[in-house]
Amino acid sequence: MTRKYVSRALRPASQPLYMDESQPDMRDMPQNKAIECGWGRIIPAQTYETPTGIAEALLNERPGQRDIAFYVLRPHLVVNHAPQELFLDPSESYRRHLGDYHPKRASRRGFTVRRLRTRSDVAAINALYRSRQMVPVDTKRVWRDRTSRETTWAIAEDQTTGEIIGVALGVDHVEAFKDPQHGSSLWSLAVAPQAAHPGVGEALVRYLLEFFQARGRAWMDVSVLHNNEGAIALYDKLGFQRVQVFAVKRRNAINETLFTQPVDDEGDLNPYARLITEEARKRGIHVKVIDAEAGYFQLELGGRSIICRESLTELTSAIAMSRCQDKRVTLRLLREAGLKVPMQRLADGSAEDTAFMAECGAVVVKPVEGEQGKGISVNISDEDELAAAVERARAYCDRVLIEQFCPGQDLRIVVIDYRVVAAAVRRPPEVVGDGRSTIKQLIKKQSRRRETATGGESSIPIDAETERCLAAQGFSLSDVPEHETRVTVRNTANLHTGGTIHDVTDVLHPELKAAAEEAARVLDIPVTGLDFMVPDPADDTYVVIEANERPGLANHEPQPTAERFVDLLFPRTRRND
């Protein structure tokens, strides 16, 4: 199919912004069409007579949403209509012709791809979008339009857990605006950071390719940010070809980084710091990066100025910080306040260490001062393993704790301004066998996916603790697990060592909520992450195992952790939700 862009001077004023000589007249298309997608609108430029009309449509963008004008022939004229408010989107456009597309042979995998079916699917879409820093959808609008032939939501669901691990939106151009070229397009592709299965993104794209091929569509287009190398590699693999198609957007707080340079070296901050600085800038708070590598930045508004290191601020006293850093002091204070905590002792290499382990049945070995799960060994019950675990912990701190092992789920509760804001279960990293790859290869693949999803903050170490964890299950790094066999590769659930996080705020038992808020008051700390071990977040049984004075606020979607944090620092900027 040959397409050419036609100069407006060579065609009647009623013609759209592009046309194909081999296609019939395009006058049957509706004028000034806007396709509702939940997160905003797609504005097909073909249906607008003038660049001014496209610009005016973009300027009517609703607050909190993002509109995209696509297939714009002369984007400079659209932007010129409102140069302070509109910008040319720095994305590349790709097309996959469906006439020569051949579906992939069915393969065994641990997830299914299906259409959106339930209200809980819509809620899961939002949680997934927030985890990828994407604009959430209007849940009522998406649910209302779920049977529309204009848009199709494809959902990837884990067969074992039922968790939604991927989503993509397809738009049928024929149904949406009677496109005589019989096109379609793909939007809003997202895969959950914690997805253990490979190929989720590819499966979603193939599902929509085959869906539109069955409808008789000629091609499927996609717009992808120019530096999204992972997505571009996927589209190249599937046979997409680059096309000269342009998009225009309205400037807003959501897409500010696309048309401006980051504040100072804000782009060098880690995701935990950027989450806060981006929320601050949305409220007009000035951001000054002090030390990007260490995560230090300054927030200023009016006469108020606060220095932060990620979620640690000047509002946290040195006393509160020292109480959290020393895990012995933390538990002693909480125990005295009547909260439930595990037994512990300071390792000294004597027979008392072994006797304590025997009394507990199993223990956790950890540095007295440490973070990000470094130097921690879990579920130790052998004397030789105990000695080795103590030595590993000493690499991070010369004082080592031996603590009662409390089985259960690893629960992180974030408390801001002495109120619970978010609660999430943290699960140890696991890999899923494909019948071909060794565990070591699976770990490396999983780590690459986790690093991409978290900005390099999460990966699975291949070290002595990983080997010990595998050996306890009868595996080694060179073993090849059978298809769909799940293998836990670390006992700790810390995100920095590959753990995943799953929101449970809505089911958190009131007793656990009260214990977390009381712990924050006892430690006298305004922002903290309390680590609990629980049989079930909905049950009142718990032990508090430690407190973090600098909790990561990312990865707690859909809970508003960054919003509540900035509310604490600058209460006059609080939004009325």
# chains A, B, ... in the order shown; residues from 1 in each chain; ligands from 1
>>> select_by_dssp(residues="stretch 284-391 of chain A", states="helix (DSSP H, G or I)", output="ChimeraX atom specification")
/A:318-325,327-336,351-360,383-391
>>> write_last_selection(atoms="C-alpha atoms", output="JSON list (two decimals), in the first residue's frame")
[["chain", "number", "residue", "atom", "x", "y", "z"],
["A", 318, "ALA", "CA", 19.08, 12.40, 65.19],
["A", 319, "ILE", "CA", 17.70, 10.51, 68.21],
["A", 320, "ALA", "CA", 14.86, 8.96, 66.20],
["A", 321, "MET", "CA", 17.28, 8.07, 63.41],
["A", 322, "SER", "CA", 19.70, 6.36, 65.82],
["A", 323, "ARG", "CA", 16.84, 4.39, 67.38],
["A", 324, "CYS", "CA", 15.93, 2.96, 63.98],
["A", 325, "GLN", "CA", 19.50, 2.32, 62.86],
["A", 327, "LYS", "CA", 18.00, -2.79, 65.62],
["A", 328, "ARG", "CA", 18.60, -3.74, 69.28],
["A", 329, "VAL", "CA", 17.38, -0.36, 70.49],
["A", 330, "THR", "CA", 14.40, -0.47, 68.13],
["A", 331, "LEU", "CA", 13.04, -3.74, 69.49],
["A", 332, "ARG", "CA", 13.85, -2.89, 73.10],
["A", 333, "LEU", "CA", 11.79, 0.31, 72.92],
["A", 334, "LEU", "CA", 8.91, -1.41, 71.16],
["A", 335, "ARG", "CA", 8.92, -4.30, 73.63],
["A", 336, "GLU", "CA", 8.79, -1.87, 76.55],
["A", 351, "ALA", "CA", 28.21, -21.50, 72.85],
["A", 352, "GLU", "CA", 25.39, -19.15, 73.90],
["A", 353, "ASP", "CA", 24.83, -18.30, 70.25],
["A", 354, "THR", "CA", 24.16, -21.95, 69.44],
["A", 355, "ALA", "CA", 22.03, -22.39, 72.55],
["A", 356, "PHE", "CA", 19.92, -19.39, 71.57],
["A", 357, "MET", "CA", 19.42, -20.86, 68.11],
["A", 358, "ALA", "CA", 18.35, -24.17, 69.63],
["A", 359, "GLU", "CA", 15.88, -22.37, 71.89],
["A", 360, "CYS", "CA", 14.36, -20.50, 68.93],
["A", 383, "GLU", "CA", 25.68, -24.54, 63.74],
["A", 384, "ASP", "CA", 28.07, -24.30, 60.78],
["A", 385, "GLU", "CA", 25.56, -22.19, 58.80],
["A", 386, "LEU", "CA", 25.20, -19.93, 61.84],
["A", 387, "ALA", "CA", 28.94, -19.26, 61.97],
["A", 388, "ALA", "CA", 29.07, -18.58, 58.23],
["A", 389, "ALA", "CA", 26.04, -16.25, 58.43],
["A", 390, "VAL", "CA", 27.64, -14.26, 61.25],
["A", 391, "GLU", "CA", 30.78, -13.78, 59.15]]
>>> residues_around(residues="A:Asp158", least_positions_apart="5", cutoff="9 Å", atoms="only C-alpha atoms", output="PDB file with N, CA, C and O atoms, in the first residue's frame")
ATOM      1  N   GLY A 110       3.089 -19.544  31.877  1.00  0.00           N
ATOM      2  CA  GLY A 110       2.362 -19.513  33.138  1.00  0.00           C
ATOM      3  C   GLY A 110       1.369 -18.380  33.264  1.00  0.00           C
ATOM      4  O   GLY A 110       0.965 -18.032  34.383  1.00  0.00           O
ATOM      5  N   PHE A 111       0.966 -17.785  32.141  1.00  0.00           N
ATOM      6  CA  PHE A 111      -0.023 -16.710  32.195  1.00  0.00           C
ATOM      7  C   PHE A 111      -0.933 -16.798  30.975  1.00  0.00           C
ATOM      8  O   PHE A 111      -0.601 -17.433  29.966  1.00  0.00           O
ATOM      9  N   THR A 112      -2.093 -16.196  31.082  1.00  0.00           N
ATOM     10  CA  THR A 112      -3.038 -16.148  29.970  1.00  0.00           C
ATOM     11  C   THR A 112      -3.270 -14.691  29.581  1.00  0.00           C
ATOM     12  O   THR A 112      -3.102 -13.782  30.398  1.00  0.00           O
ATOM     13  N   GLU A 163      -2.961 -12.833  39.536  1.00  0.00           N
ATOM     14  CA  GLU A 163      -2.545 -11.437  39.526  1.00  0.00           C
ATOM     15  C   GLU A 163      -2.456 -10.912  38.091  1.00  0.00           C
ATOM     16  O   GLU A 163      -2.044 -11.620  37.181  1.00  0.00           O
ATOM     17  N   ILE A 164      -2.885  -9.663  37.892  1.00  0.00           N
ATOM     18  CA  ILE A 164      -2.763  -9.024  36.591  1.00  0.00           C
ATOM     19  C   ILE A 164      -1.325  -8.526  36.439  1.00  0.00           C
ATOM     20  O   ILE A 164      -0.864  -7.686  37.211  1.00  0.00           O
ATOM     21  N   ILE A 165      -0.616  -9.052  35.441  1.00  0.00           N
ATOM     22  CA  ILE A 165       0.807  -8.740  35.295  1.00  0.00           C
ATOM     23  C   ILE A 165       1.116  -7.985  34.005  1.00  0.00           C
ATOM     24  O   ILE A 165       2.282  -7.677  33.736  1.00  0.00           O
ATOM     25  N   ALA A 195       6.557  -9.223  37.612  1.00  0.00           N
ATOM     26  CA  ALA A 195       6.216 -10.375  36.780  1.00  0.00           C
ATOM     27  C   ALA A 195       7.419 -11.307  36.630  1.00  0.00           C
ATOM     28  O   ALA A 195       8.479 -10.895  36.175  1.00  0.00           O
ATOM     29  N   HIS A 197       7.327 -14.109  34.797  1.00  0.00           N
ATOM     30  CA  HIS A 197       7.270 -14.789  33.505  1.00  0.00           C
ATOM     31  C   HIS A 197       7.867 -13.934  32.403  1.00  0.00           C
ATOM     32  O   HIS A 197       7.561 -12.738  32.296  1.00  0.00           O
TER      33      HIS A 197
END
>>> residues_around(residues="stretch 514-528 of chain A", least_positions_apart="3", cutoff="10 Å", atoms="only C-alpha atoms", output="PyMOL selection string")
chain A and resi 311-313+315-324+329-331+333-340+412-420+509-511+531-532+540+542-544+547-553+565+568
>>> select_by_dssp(residues="stretch 52-164 of chain A", states="strand (DSSP E or B)", output="PyMOL selection string")
chain A and resi 68-70+86-88+91-97+111-115+151-158+164
>>> write_last_selection(atoms="N, CA and C atoms", output="short mmCIF file (atom, residue, chain, number, x, y, z; two decimals), in the first residue's frame")
data_model
loop_
_atom_site.label_atom_id
_atom_site.label_comp_id
_atom_site.auth_asym_id
_atom_site.auth_seq_id
_atom_site.Cartn_x
_atom_site.Cartn_y
_atom_site.Cartn_z
N ILE A 68 -3.36 12.97 23.21
CA ILE A 68 -2.33 12.82 22.19
C ILE A 68 -2.97 13.04 20.82
N ALA A 69 -2.47 14.02 20.09
CA ALA A 69 -2.88 14.18 18.70
C ALA A 69 -1.92 13.36 17.84
N PHE A 70 -2.45 12.40 17.11
CA PHE A 70 -1.63 11.46 16.34
C PHE A 70 -1.92 11.61 14.85
N LEU A 86 1.79 23.81 23.83
CA LEU A 86 1.85 22.57 23.06
C LEU A 86 3.30 22.26 22.70
N PHE A 87 3.59 20.96 22.46
CA PHE A 87 4.94 20.58 22.05
C PHE A 87 4.89 19.32 21.19
N LEU A 88 5.92 19.16 20.38
CA LEU A 88 6.05 17.97 19.53
C LEU A 88 6.56 16.82 20.37
N SER A 91 8.62 11.05 20.23
CA SER A 91 8.40 9.61 20.10
C SER A 91 8.60 9.17 18.66
N GLU A 92 8.89 7.89 18.50
CA GLU A 92 8.98 7.28 17.18
C GLU A 92 7.69 6.49 16.93
N SER A 93 7.29 6.41 15.67
CA SER A 93 6.09 5.65 15.31
C SER A 93 6.50 4.43 14.49
N TYR A 94 5.85 3.32 14.80
CA TYR A 94 6.15 2.05 14.12
C TYR A 94 4.86 1.43 13.63
N ARG A 95 4.96 0.69 12.52
CA ARG A 95 3.78 0.04 11.94
C ARG A 95 4.09 -1.42 11.64
N ARG A 96 3.10 -2.28 11.96
CA ARG A 96 3.19 -3.69 11.58
C ARG A 96 2.05 -3.99 10.63
N HIS A 97 2.40 -4.26 9.36
CA HIS A 97 1.38 -4.66 8.39
C HIS A 97 0.88 -6.05 8.74
N PHE A 111 0.97 -17.79 32.14
CA PHE A 111 -0.02 -16.71 32.19
C PHE A 111 -0.93 -16.80 30.98
N THR A 112 -2.09 -16.20 31.08
CA THR A 112 -3.04 -16.15 29.97
C THR A 112 -3.27 -14.69 29.58
N VAL A 113 -3.65 -14.47 28.32
CA VAL A 113 -4.01 -13.14 27.85
C VAL A 113 -5.48 -13.17 27.46
N ARG A 114 -6.22 -12.21 27.96
CA ARG A 114 -7.67 -12.18 27.75
C ARG A 114 -8.16 -10.75 27.68
N ARG A 115 -9.45 -10.58 27.41
CA ARG A 115 -10.07 -9.26 27.43
C ARG A 115 -10.39 -8.83 28.85
N THR A 151 -12.33 0.53 21.36
CA THR A 151 -11.15 0.23 22.17
C THR A 151 -11.24 -1.19 22.72
N THR A 152 -10.08 -1.83 22.87
CA THR A 152 -10.00 -3.19 23.39
C THR A 152 -8.86 -3.27 24.39
N TRP A 153 -9.18 -3.67 25.62
CA TRP A 153 -8.16 -3.85 26.66
C TRP A 153 -7.73 -5.31 26.70
N ALA A 154 -6.44 -5.55 26.54
CA ALA A 154 -5.88 -6.90 26.66
C ALA A 154 -5.19 -7.01 28.01
N ILE A 155 -5.48 -8.09 28.74
CA ILE A 155 -5.00 -8.29 30.10
C ILE A 155 -4.18 -9.57 30.17
N ALA A 156 -3.01 -9.53 30.81
CA ALA A 156 -2.22 -10.73 31.07
C ALA A 156 -2.40 -11.11 32.54
N GLU A 157 -2.79 -12.34 32.79
CA GLU A 157 -3.10 -12.80 34.15
C GLU A 157 -2.25 -14.01 34.51
N ASP A 158 -1.59 -13.95 35.66
CA ASP A 158 -0.79 -15.08 36.15
C ASP A 158 -1.73 -16.24 36.46
N ILE A 164 -2.89 -9.66 37.89
CA ILE A 164 -2.76 -9.02 36.59
C ILE A 164 -1.33 -8.53 36.44
#
>>> atom_distance(atom1="atom CA of A:Tyr48", atom2="atom CA of A:Lys33")
7.7 Å
